[in-house]
$ cat query_0.txt   # compact mmCIF, C-alpha atoms and all ligand atoms
# COMPACT_ATOMS: atom_id res chain seq x y z
CA MET A 1 -3.01 -68.95 -37.82
CA SER A 2 -0.33 -66.23 -37.93
CA THR A 3 2.63 -66.10 -35.60
CA CYS A 4 3.55 -63.08 -33.58
CA THR A 5 7.11 -62.25 -34.69
CA ALA A 6 7.80 -60.43 -31.45
CA CYS A 7 7.24 -63.24 -28.99
CA ALA A 8 6.77 -66.24 -31.26
CA THR A 9 3.30 -66.83 -29.80
CA PRO A 10 0.70 -67.74 -32.37
CA SER A 11 -1.92 -65.00 -32.62
CA ALA A 12 -5.10 -66.82 -33.42
CA ASP A 13 -7.26 -63.83 -34.34
CA GLY A 14 -5.14 -62.28 -37.11
CA GLY A 15 -5.44 -58.91 -35.36
CA LYS A 16 -9.23 -58.87 -35.32
CA LYS A 17 -9.97 -59.17 -31.60
CA ARG A 18 -6.91 -58.35 -29.54
CA LEU A 19 -6.18 -54.68 -29.03
CA ARG A 20 -2.50 -53.91 -29.57
CA ILE A 21 -1.07 -51.01 -27.60
CA ALA A 22 2.51 -49.70 -27.94
CA ILE A 23 3.98 -48.16 -24.78
CA GLN A 24 7.42 -46.93 -23.76
CA LYS A 25 9.53 -49.84 -22.59
CA SER A 26 11.56 -47.99 -20.05
CA GLY A 27 11.61 -44.25 -19.46
CA ARG A 28 9.74 -41.29 -18.10
CA LEU A 29 6.34 -42.41 -19.39
CA THR A 30 6.54 -46.05 -18.34
CA ASP A 31 5.49 -45.91 -14.68
CA GLU A 32 2.54 -43.58 -15.28
CA THR A 33 1.38 -45.65 -18.25
CA GLU A 34 1.44 -48.84 -16.21
CA LYS A 35 -0.33 -47.08 -13.34
CA LEU A 36 -3.07 -45.99 -15.74
CA PHE A 37 -3.41 -49.57 -16.98
CA SER A 38 -3.58 -51.11 -13.53
CA ARG A 39 -6.09 -48.51 -12.30
CA SER A 40 -8.16 -49.29 -15.39
CA GLY A 41 -8.21 -52.97 -14.53
CA ILE A 42 -5.66 -54.12 -17.11
CA ARG A 43 -3.43 -56.71 -15.45
CA LEU A 44 -0.09 -57.08 -17.22
CA THR A 45 2.32 -59.96 -16.95
CA GLU A 46 5.24 -58.91 -14.79
CA ASP A 47 8.10 -59.44 -17.22
CA ARG A 48 9.10 -55.97 -18.44
CA ASP A 49 11.88 -57.32 -20.66
CA ARG A 50 9.63 -58.99 -23.16
CA LEU A 51 8.83 -56.97 -26.23
CA LEU A 52 5.28 -58.27 -26.28
CA ALA A 53 3.21 -58.75 -23.13
CA HIS A 54 -0.33 -60.06 -22.97
CA ALA A 55 -2.85 -58.71 -20.48
CA GLU A 56 -3.96 -61.49 -18.15
CA ASN A 57 -7.62 -60.57 -18.01
CA LEU A 58 -8.47 -58.76 -21.27
CA PRO A 59 -7.72 -59.37 -24.96
CA ILE A 60 -4.93 -56.78 -25.02
CA ASP A 61 -1.35 -57.10 -26.25
CA ILE A 62 1.21 -54.61 -25.06
CA LEU A 63 4.22 -53.84 -27.22
CA ARG A 64 7.09 -52.36 -25.20
CA VAL A 65 9.30 -50.20 -27.41
CA ARG A 66 11.36 -46.98 -27.47
CA ASP A 67 9.08 -43.97 -27.37
CA ASP A 68 10.45 -42.70 -30.70
CA ASP A 69 9.05 -45.79 -32.46
CA ILE A 70 5.50 -45.43 -31.12
CA PRO A 71 4.05 -42.84 -33.57
CA GLY A 72 5.38 -44.83 -36.55
CA LEU A 73 3.91 -48.09 -35.27
CA VAL A 74 0.49 -46.42 -35.08
CA MET A 75 0.83 -44.62 -38.43
CA ASP A 76 1.97 -47.85 -40.12
CA HIS A 77 -1.02 -49.70 -38.57
CA VAL A 78 1.23 -52.17 -36.76
CA VAL A 79 -0.55 -51.40 -33.48
CA ASP A 80 -4.05 -50.05 -32.73
CA TRP A 81 -3.06 -47.64 -29.99
CA GLY A 82 0.04 -45.87 -28.76
CA ILE A 83 0.88 -43.84 -25.66
CA VAL A 84 3.52 -41.22 -26.34
CA GLY A 85 4.57 -37.64 -25.58
CA GLN A 86 3.13 -35.01 -27.93
CA ASN A 87 6.68 -33.77 -28.50
CA VAL A 88 7.73 -37.11 -29.99
CA LEU A 89 4.45 -37.38 -31.90
CA GLU A 90 4.84 -33.94 -33.54
CA GLU A 91 8.52 -34.39 -34.27
CA THR A 92 7.98 -37.82 -35.83
CA THR A 93 5.03 -36.56 -37.87
CA MET A 94 7.15 -33.81 -39.42
CA GLN A 95 10.04 -36.24 -40.04
CA ARG A 96 7.71 -38.72 -41.74
CA GLN A 97 6.20 -35.99 -43.92
CA VAL A 98 9.69 -35.22 -45.21
CA ASP A 99 10.36 -38.94 -45.73
CA GLY A 100 7.09 -39.37 -47.63
CA LEU A 101 5.63 -41.83 -45.11
CA SER A 102 2.03 -41.98 -43.88
CA THR A 103 1.26 -39.66 -40.97
CA GLY A 104 -2.38 -40.44 -40.22
CA TYR A 105 -3.58 -41.09 -36.68
CA ASN A 106 -6.47 -40.18 -34.38
CA GLN A 107 -5.83 -38.40 -31.14
CA VAL A 108 -8.02 -40.20 -28.59
CA MET A 109 -7.30 -38.31 -25.38
CA ASP A 110 -4.76 -36.36 -23.35
CA LEU A 111 -3.50 -38.38 -20.42
CA ASN A 112 -2.52 -35.71 -17.87
CA PHE A 113 0.98 -37.05 -17.27
CA GLY A 114 4.42 -36.62 -18.84
CA ASP A 115 4.11 -32.84 -18.72
CA CYS A 116 7.20 -31.10 -20.02
CA ARG A 117 8.21 -28.29 -22.33
CA LEU A 118 10.68 -27.97 -25.16
CA SER A 119 12.66 -24.86 -24.36
CA VAL A 120 15.62 -22.86 -25.52
CA ALA A 121 18.34 -22.53 -22.89
CA ILE A 122 21.52 -20.46 -22.92
CA PRO A 123 24.52 -20.11 -20.58
CA ALA A 124 23.21 -18.68 -17.30
CA GLU A 125 25.48 -15.63 -17.34
CA GLN A 126 24.31 -14.41 -20.77
CA GLU A 127 21.64 -11.79 -21.32
CA TRP A 128 18.46 -12.66 -23.19
CA HIS A 129 16.18 -10.34 -25.16
CA GLY A 130 14.20 -12.83 -27.25
CA LEU A 131 14.51 -15.44 -29.98
CA ALA A 132 16.19 -12.87 -32.28
CA ASP A 133 19.29 -13.29 -30.07
CA LEU A 134 19.72 -16.71 -31.71
CA GLU A 135 20.37 -15.25 -35.19
CA GLY A 136 23.41 -17.00 -36.67
CA LYS A 137 23.97 -19.05 -33.49
CA LYS A 138 24.58 -22.78 -33.17
CA ILE A 139 21.73 -24.58 -31.38
CA ALA A 140 22.01 -28.19 -30.22
CA THR A 141 18.82 -30.27 -30.12
CA THR A 142 17.24 -33.68 -30.39
CA TYR A 143 14.11 -32.09 -31.86
CA PRO A 144 15.23 -30.49 -35.15
CA PHE A 145 11.73 -30.19 -36.66
CA LEU A 146 10.04 -28.59 -33.65
CA LEU A 147 12.96 -26.18 -33.30
CA ARG A 148 12.89 -25.33 -37.00
CA ARG A 149 9.16 -24.66 -36.90
CA ALA A 150 9.48 -22.31 -33.92
CA LEU A 151 12.42 -20.38 -35.32
CA LYS A 152 10.92 -20.17 -38.78
CA GLN A 153 7.88 -18.48 -37.23
CA ALA A 154 10.24 -16.09 -35.45
CA ARG A 155 12.21 -15.56 -38.73
CA VAL A 156 15.50 -16.49 -37.10
CA ASN A 157 18.33 -18.14 -39.07
CA TYR A 158 20.46 -20.47 -36.99
CA LYS A 159 22.84 -23.41 -37.34
CA GLN A 160 21.49 -26.73 -36.18
CA VAL A 161 23.63 -29.17 -34.19
CA LEU A 162 21.82 -32.51 -34.09
CA LEU A 163 22.53 -34.65 -31.01
CA THR A 164 20.70 -37.76 -29.85
CA GLY A 165 21.50 -37.23 -26.17
CA SER A 166 23.44 -35.15 -23.61
CA VAL A 167 22.25 -31.97 -25.30
CA GLU A 168 22.70 -30.00 -22.08
CA VAL A 169 26.48 -30.35 -22.11
CA ALA A 170 26.84 -29.01 -25.67
CA PRO A 171 27.43 -25.33 -24.77
CA ARG A 172 30.10 -26.14 -22.19
CA ALA A 173 31.76 -28.56 -24.60
CA GLY A 174 31.93 -25.76 -27.18
CA LEU A 175 29.59 -27.58 -29.58
CA ALA A 176 26.81 -25.00 -29.51
CA ASP A 177 25.85 -21.52 -28.27
CA ALA A 178 22.42 -22.58 -27.05
CA ILE A 179 20.29 -25.70 -26.72
CA CYS A 180 16.68 -26.60 -27.34
CA ASP A 181 15.74 -29.45 -25.04
CA LEU A 182 12.97 -30.91 -22.89
CA VAL A 183 12.59 -29.33 -19.48
CA CYS A 184 10.48 -30.33 -16.54
CA THR A 185 11.85 -28.78 -13.36
CA GLY A 186 14.87 -27.02 -14.86
CA ALA A 187 17.24 -28.74 -12.41
CA THR A 188 19.28 -30.40 -15.19
CA LEU A 189 19.74 -27.08 -16.94
CA GLN A 190 20.82 -25.39 -13.75
CA SER A 191 23.37 -28.04 -12.90
CA ASN A 192 24.87 -27.53 -16.35
CA GLY A 193 25.16 -23.77 -15.97
CA LEU A 194 22.22 -23.03 -18.30
CA LYS A 195 19.00 -21.05 -17.97
CA GLU A 196 15.68 -21.61 -19.71
CA VAL A 197 14.78 -18.54 -21.75
CA GLU A 198 11.94 -19.46 -24.09
CA CYS A 199 9.47 -22.32 -24.31
CA VAL A 200 8.83 -23.36 -27.92
CA TYR A 201 6.47 -26.31 -27.33
CA ARG A 202 4.39 -27.69 -24.44
CA SER A 203 3.81 -31.42 -24.20
CA GLN A 204 2.06 -34.13 -22.27
CA ALA A 205 1.42 -37.81 -22.88
CA VAL A 206 -1.40 -38.67 -25.28
CA LEU A 207 -3.28 -41.74 -26.38
CA ILE A 208 -3.35 -42.07 -30.17
CA ALA A 209 -5.10 -44.59 -32.39
CA ARG A 210 -4.55 -45.71 -35.94
CA ASP A 211 -6.78 -43.99 -38.45
CA GLN A 212 -8.81 -47.03 -39.45
CA GLU A 213 -12.07 -48.51 -38.23
CA LEU A 214 -11.43 -51.23 -35.68
CA PHE A 215 -13.13 -54.61 -35.98
CA PRO A 216 -16.39 -54.45 -33.96
CA GLU A 217 -15.18 -56.56 -31.03
CA LYS A 218 -12.00 -54.54 -30.72
CA LYS A 219 -13.99 -51.34 -31.04
CA ALA A 220 -16.17 -52.35 -28.09
CA LEU A 221 -13.08 -53.06 -25.99
CA ALA A 222 -11.47 -49.78 -27.09
CA ASP A 223 -14.60 -47.79 -26.14
CA LEU A 224 -14.73 -49.51 -22.74
CA LEU A 225 -11.08 -48.72 -22.08
CA VAL A 226 -11.47 -45.07 -23.06
CA GLN A 227 -14.33 -44.80 -20.54
CA ARG A 228 -12.15 -46.40 -17.86
CA PHE A 229 -9.15 -44.16 -18.67
CA LYS A 230 -11.43 -41.12 -18.42
CA GLY A 231 -12.70 -42.41 -15.08
CA VAL A 232 -9.16 -42.81 -13.79
CA LEU A 233 -8.19 -39.30 -14.88
CA ALA A 234 -11.36 -37.78 -13.40
CA ALA A 235 -10.75 -39.63 -10.13
CA ALA A 236 -7.15 -38.38 -9.98
CA GLU A 237 -8.39 -34.78 -9.95
CA SER A 238 -11.35 -35.45 -7.67
CA LYS A 239 -11.56 -35.70 -3.92
CA TYR A 240 -14.18 -36.82 -1.44
CA ILE A 241 -14.68 -34.13 1.17
CA MET A 242 -16.26 -34.68 4.59
CA MET A 243 -16.79 -32.25 7.43
CA ASN A 244 -19.08 -31.28 10.26
CA ALA A 245 -20.55 -27.83 9.83
CA PRO A 246 -23.05 -25.36 11.31
CA ARG A 247 -26.41 -25.87 9.59
CA GLU A 248 -26.83 -22.11 9.13
CA GLN A 249 -23.60 -21.86 7.09
CA LEU A 250 -24.55 -24.56 4.58
CA SER A 251 -25.25 -22.25 1.65
CA ALA A 252 -21.97 -20.36 2.20
CA ILE A 253 -20.09 -23.66 2.41
CA LYS A 254 -21.66 -25.02 -0.78
CA LYS A 255 -20.45 -21.93 -2.64
CA ILE A 256 -16.84 -22.54 -1.60
CA LEU A 257 -16.63 -26.26 -2.39
CA PRO A 258 -14.81 -26.50 -5.73
CA GLY A 259 -16.69 -28.13 -8.60
CA SER A 260 -18.90 -30.29 -6.40
CA GLU A 261 -22.40 -31.57 -6.97
CA ASN A 262 -25.13 -31.31 -4.33
CA PRO A 263 -23.57 -32.55 -1.11
CA SER A 264 -25.17 -35.13 1.16
CA ILE A 265 -26.28 -33.68 4.47
CA ILE A 266 -26.45 -36.03 7.44
CA GLU A 267 -28.02 -35.30 10.85
CA LEU A 268 -25.63 -35.27 13.81
CA GLU A 269 -26.96 -37.15 16.82
CA GLY A 270 -27.61 -34.81 19.74
CA ASP A 271 -26.78 -31.52 17.97
CA PRO A 272 -29.53 -30.01 15.81
CA THR A 273 -27.40 -26.94 14.95
CA ARG A 274 -24.71 -28.93 13.16
CA VAL A 275 -24.68 -31.45 10.29
CA ALA A 276 -22.21 -33.74 8.58
CA LEU A 277 -21.59 -32.85 4.94
CA HIS A 278 -20.16 -35.19 2.30
CA ALA A 279 -19.33 -34.03 -1.23
CA VAL A 280 -17.33 -35.05 -4.28
CA SER A 281 -15.15 -32.28 -5.60
CA ARG A 282 -14.12 -32.56 -9.25
CA GLU A 283 -11.29 -30.15 -8.91
CA LYS A 284 -8.14 -29.97 -6.85
CA VAL A 285 -8.84 -28.95 -3.27
CA PHE A 286 -6.43 -26.30 -2.02
CA TRP A 287 -5.45 -25.48 1.56
CA GLU A 288 -7.03 -22.04 1.14
CA THR A 289 -10.42 -23.67 0.59
CA LEU A 290 -10.07 -25.73 3.78
CA GLU A 291 -9.10 -22.63 5.71
CA GLN A 292 -12.18 -20.79 4.43
CA LEU A 293 -14.36 -23.75 5.44
CA LYS A 294 -12.84 -23.70 8.90
CA ALA A 295 -13.50 -19.97 9.18
CA LEU A 296 -17.19 -20.73 8.50
CA GLY A 297 -17.24 -23.08 11.48
CA ALA A 298 -16.54 -26.44 9.80
CA THR A 299 -14.66 -28.98 11.89
CA SER A 300 -13.17 -32.44 11.30
CA ILE A 301 -12.57 -31.60 7.63
CA LEU A 302 -11.33 -34.65 5.71
CA VAL A 303 -10.19 -34.70 2.09
CA VAL A 304 -9.91 -38.24 0.77
CA PRO A 305 -8.56 -39.41 -2.62
CA ILE A 306 -10.93 -41.23 -4.97
CA GLU A 307 -9.62 -44.32 -6.69
CA LYS A 308 -12.21 -44.92 -9.40
CA MET A 309 -15.16 -42.97 -10.73
CA LEU A 310 -17.89 -43.97 -13.15
CA ASP A 311 -20.52 -41.46 -14.21
P1 LIG B 401 13.50 -44.04 -25.08
O1 LIG B 401 14.58 -44.92 -24.57
O2 LIG B 401 12.15 -44.68 -24.99
O3 LIG B 401 13.78 -43.44 -26.44
P2 LIG B 401 13.90 -41.31 -24.11
O4 LIG B 401 15.17 -41.20 -23.37
O5 LIG B 401 13.79 -40.80 -25.49
O6 LIG B 401 13.42 -42.83 -24.01
P3 LIG B 401 12.46 -40.24 -21.81
O7 LIG B 401 13.53 -39.37 -21.24
O8 LIG B 401 12.10 -41.47 -21.07
O9 LIG B 401 12.71 -40.59 -23.35
O10 LIG B 401 11.18 -39.33 -21.98
C1 LIG B 401 10.03 -39.81 -22.58
C2 LIG B 401 9.04 -38.68 -22.71
O11 LIG B 401 8.64 -38.26 -21.42
C3 LIG B 401 9.53 -37.41 -23.37
O12 LIG B 401 9.52 -37.48 -24.77
C4 LIG B 401 8.53 -36.39 -22.86
O13 LIG B 401 7.34 -36.45 -23.61
C5 LIG B 401 8.22 -36.89 -21.46
N1 LIG B 401 8.86 -36.15 -20.35
C6 LIG B 401 8.25 -35.81 -19.22
N2 LIG B 401 9.06 -35.17 -18.39
C7 LIG B 401 10.22 -35.06 -18.96
C8 LIG B 401 11.47 -34.49 -18.58
N3 LIG B 401 11.67 -33.87 -17.41
N4 LIG B 401 12.48 -34.58 -19.42
C9 LIG B 401 12.33 -35.23 -20.57
N5 LIG B 401 11.15 -35.78 -20.99
C10 LIG B 401 10.11 -35.70 -20.21
ZN ZN B 402 13.19 -41.65 -27.13

$ encode --input "query_0.txt" --output "structure tokens"
Amino acid sequence: MSTCTACATPSADGGKKRLRIAIQKSGRLTDETEKLFSRSGIRLTEDRDRLLAHAENLPIDILRVRDDDIPGLVMDHVVDWGIVGQNVLEETTMQRQVDGLSTGYNQVMDLNFGDCRLSVAIPAEQEWHGLADLEGKKIATTYPFLLRRALKQARVNYKQVLLTGSVEVAPRAGLADAICDLVCTGATLQSNGLKEVECVYRSQAVLIARDQELFPEKKALADLLVQRFKGVLAAAESKYIMMNAPREQLSAIKKILPGSENPSIIELEGDPTRVALHAVSREKVFWETLEQLKALGATSILVVPIEKMLD
């Protein structure tokens, strides 16, 4: 029997049965990751401070670490799965190539959260004509490899200023002429007197797996979880739509409903000209669609979120 060095709990299976997943301990990916787990029926022990948590109802161990460590843990086969931003994954991969370390992994699926972009930003008052403006300039970043790749493609020579945090204050502090940093809304840039001028990389959270066959029992669990994750993501986009509508407008209404299968049509007691219509839409439902439905005579239009979905 081997002992788990993280939590000093003996792990009886020697890594054969329990699926090990590395997730961000505390940061921008943590809440969404835990939401995905709970919606997928993985119940985690409450204590966020422990490095290793065990799921209460499935043979899953969760390793809570800094996001920067997650790609390496997967590539070194310490864990089976990792959830991490593509930006960190790409950056770490390039760093490990330089360091001569293994870089193999399988991308399992995109997770539709943690959307952000790595962008160049300059002082708001300066003009911008394109990446060539950065020739000979000092650029502060936490992502030296992604920046280098983008500027190499653009054939721009620049001076790199490597910072591990507070990149956005570098221009004002006189440390750099521009920055290359993660942006979501742009509010942080704005409050530091900067403007986003060019996106060099788009990112979202991804599920990655180590590039080795899993033991059969773990493989079965992994396949089941991927199906559940897909169901959660599909449900997040989908809506259940209900309305009462004139029978004669049914074909026009069906054409408007976004990405829906054949709707159910239900008789309305006492009114043969109108029916109730229920449908699952697999796309986002916009206000414009509801307004068009109303214009066709639909009433009592309800759009309801779907929690789980299994096809
Ligand atoms: P850690 O302590 O784990 O190293 P961190 O400070 O490096 O955390 P966070 O700021 O929590 O990382 O961001 C984690 C990831 O979330 C980013 O690498 C990126 O993929 C994603 N992300 C989503 N939105 C944003 C945003 N607005 N700003 C920065 N990162 C974002
Ligand atoms: Zn980090």

$ atom_distance --input "query_0.txt" --atom1 "atom O9 of ligand LIG 401 (chain B)" --atom2 "CA of Ala235 in chain A"
26.9 Å

$ residues_near_ligand --input "query_0.txt" --ligand "ligand ZN 402 (chain B)" --cutoff "10 Å" --atoms "only C-alpha atoms and all ligand atoms" --output "number ranges by chain"
A: 24, 26-28, 65-70, 84-85, 88, 142, 164-165

$ closest_residue --input "query_0.txt" --among "A:Gly82, A:Pro144, A:Glu198, A:Pro305" --to "Gln95 in chain A" --atoms "only C-alpha atoms"
A:Pro144

$ closest_residue --input "query_0.txt" --among "A:Ala222, A:Leu175, A:Leu277, A:Cys180" --to "Leu58 in chain A" --atoms "only C-alpha atoms"
A:Ala222

$ residues_near_point --input "query_0.txt" --point "(-23.1, -36.3, 7.1)" --cutoff "8 Å" --atoms "only C-alpha atoms" --output "PyMOL selection string"
chain A and resi 242-244+264-268+275-278

$ closest_residue --input "query_0.txt" --among "A:Lys137, A:Lys219, A:Arg64, A:Arg172" --to "ligand LIG 401 (chain B)" --atoms "only C-alpha atoms and all ligand atoms"
A:Arg64

$ atom_distance --input "query_0.txt" --atom1 "CA of Ser300 in chain A" --atom2 "CA of Ala236 in chain A"
22.9 Å

$ closest_residue --input "query_0.txt" --among "A:Arg247, A:His129, A:Arg117, A:His54" --to "ligand LIG 401 (chain B)" --atoms "all atoms listed in the file"
A:Arg117

$ closest_residue --input "query_0.txt" --among "A:Thr289, A:Arg50, A:Leu296, A:Ser166" --to "Ser251 in chain A" --atoms "all atoms listed in the file"
A:Leu296

$ decode --input "query_0.txt" --residues "range 284-294 of chain A" --atoms "all heavy atoms" --output "compact mmCIF listing (two decimals), in the first residue's frame"
# COMPACT_ATOMS: atom_id res chain seq x y z
N LYS A 284 -28.58 29.77 -27.44
CA LYS A 284 -29.06 30.88 -26.59
C LYS A 284 -30.33 31.44 -27.20
O LYS A 284 -30.49 31.50 -28.41
CB LYS A 284 -28.00 31.97 -26.54
CG LYS A 284 -26.84 31.63 -25.65
CD LYS A 284 -26.21 32.91 -25.09
CE LYS A 284 -25.10 32.57 -24.13
NZ LYS A 284 -23.81 32.41 -24.79
N VAL A 285 -31.26 31.83 -26.33
CA VAL A 285 -32.51 32.43 -26.83
C VAL A 285 -32.43 33.93 -26.58
O VAL A 285 -32.26 34.37 -25.45
CB VAL A 285 -33.72 31.83 -26.09
CG1 VAL A 285 -35.01 32.44 -26.62
CG2 VAL A 285 -33.76 30.31 -26.28
N PHE A 286 -32.51 34.70 -27.65
CA PHE A 286 -32.37 36.15 -27.52
C PHE A 286 -33.74 36.82 -27.41
O PHE A 286 -34.75 36.27 -27.82
CB PHE A 286 -31.61 36.71 -28.74
CG PHE A 286 -30.20 36.21 -28.81
CD1 PHE A 286 -29.86 35.17 -29.67
CD2 PHE A 286 -29.21 36.75 -27.99
CE1 PHE A 286 -28.56 34.70 -29.73
CE2 PHE A 286 -27.91 36.27 -28.04
CZ PHE A 286 -27.59 35.25 -28.91
N TRP A 287 -33.74 38.04 -26.88
CA TRP A 287 -34.99 38.80 -26.76
C TRP A 287 -35.65 38.99 -28.12
O TRP A 287 -36.87 38.93 -28.24
CB TRP A 287 -34.70 40.19 -26.14
CG TRP A 287 -34.61 40.14 -24.65
CD1 TRP A 287 -33.49 40.28 -23.88
CD2 TRP A 287 -35.69 39.91 -23.73
NE1 TRP A 287 -33.81 40.16 -22.56
CE2 TRP A 287 -35.15 39.92 -22.43
CE3 TRP A 287 -37.06 39.69 -23.88
CZ2 TRP A 287 -35.92 39.74 -21.29
CZ3 TRP A 287 -37.83 39.49 -22.74
CH2 TRP A 287 -37.26 39.52 -21.47
N GLU A 288 -34.81 39.18 -29.16
CA GLU A 288 -35.36 39.41 -30.50
C GLU A 288 -36.25 38.23 -30.92
O GLU A 288 -37.30 38.42 -31.54
CB GLU A 288 -34.24 39.58 -31.54
CG GLU A 288 -33.48 40.90 -31.44
CD GLU A 288 -32.53 40.96 -30.26
OE1 GLU A 288 -32.29 39.92 -29.62
OE2 GLU A 288 -32.04 42.07 -29.96
N THR A 289 -35.81 37.01 -30.58
CA THR A 289 -36.59 35.83 -30.95
C THR A 289 -37.95 35.87 -30.26
O THR A 289 -38.99 35.59 -30.86
CB THR A 289 -35.84 34.56 -30.52
OG1 THR A 289 -34.51 34.64 -31.02
CG2 THR A 289 -36.52 33.31 -31.04
N LEU A 290 -37.93 36.22 -28.95
CA LEU A 290 -39.20 36.27 -28.21
C LEU A 290 -40.13 37.32 -28.81
O LEU A 290 -41.35 37.12 -28.91
CB LEU A 290 -38.94 36.58 -26.74
CG LEU A 290 -38.01 35.60 -26.00
CD1 LEU A 290 -38.03 35.87 -24.51
CD2 LEU A 290 -38.41 34.16 -26.27
N GLU A 291 -39.55 38.44 -29.22
CA GLU A 291 -40.37 39.50 -29.80
C GLU A 291 -40.99 39.05 -31.13
O GLU A 291 -42.15 39.36 -31.42
CB GLU A 291 -39.52 40.77 -29.97
CG GLU A 291 -39.31 41.47 -28.61
CD GLU A 291 -37.98 42.23 -28.50
OE1 GLU A 291 -37.27 42.36 -29.52
OE2 GLU A 291 -37.66 42.65 -27.38
N GLN A 292 -40.21 38.29 -31.90
CA GLN A 292 -40.76 37.77 -33.17
C GLN A 292 -41.89 36.78 -32.89
O GLN A 292 -42.90 36.77 -33.59
CB GLN A 292 -39.66 37.06 -33.97
CG GLN A 292 -38.67 38.01 -34.60
CD GLN A 292 -37.45 37.27 -35.15
OE1 GLN A 292 -37.34 36.06 -35.03
NE2 GLN A 292 -36.55 38.01 -35.74
N LEU A 293 -41.70 35.94 -31.85
CA LEU A 293 -42.75 34.97 -31.50
C LEU A 293 -44.03 35.70 -31.10
O LEU A 293 -45.13 35.33 -31.48
CB LEU A 293 -42.27 34.07 -30.36
CG LEU A 293 -41.14 33.10 -30.70
CD1 LEU A 293 -40.56 32.48 -29.44
CD2 LEU A 293 -41.63 32.02 -31.66
N LYS A 294 -43.85 36.76 -30.33
CA LYS A 294 -45.01 37.53 -29.88
C LYS A 294 -45.73 38.15 -31.08
O LYS A 294 -46.97 38.14 -31.15
CB LYS A 294 -44.54 38.62 -28.92
CG LYS A 294 -45.66 39.24 -28.14
CD LYS A 294 -45.17 40.19 -27.09
CE LYS A 294 -46.36 40.99 -26.59
NZ LYS A 294 -46.01 42.31 -26.13
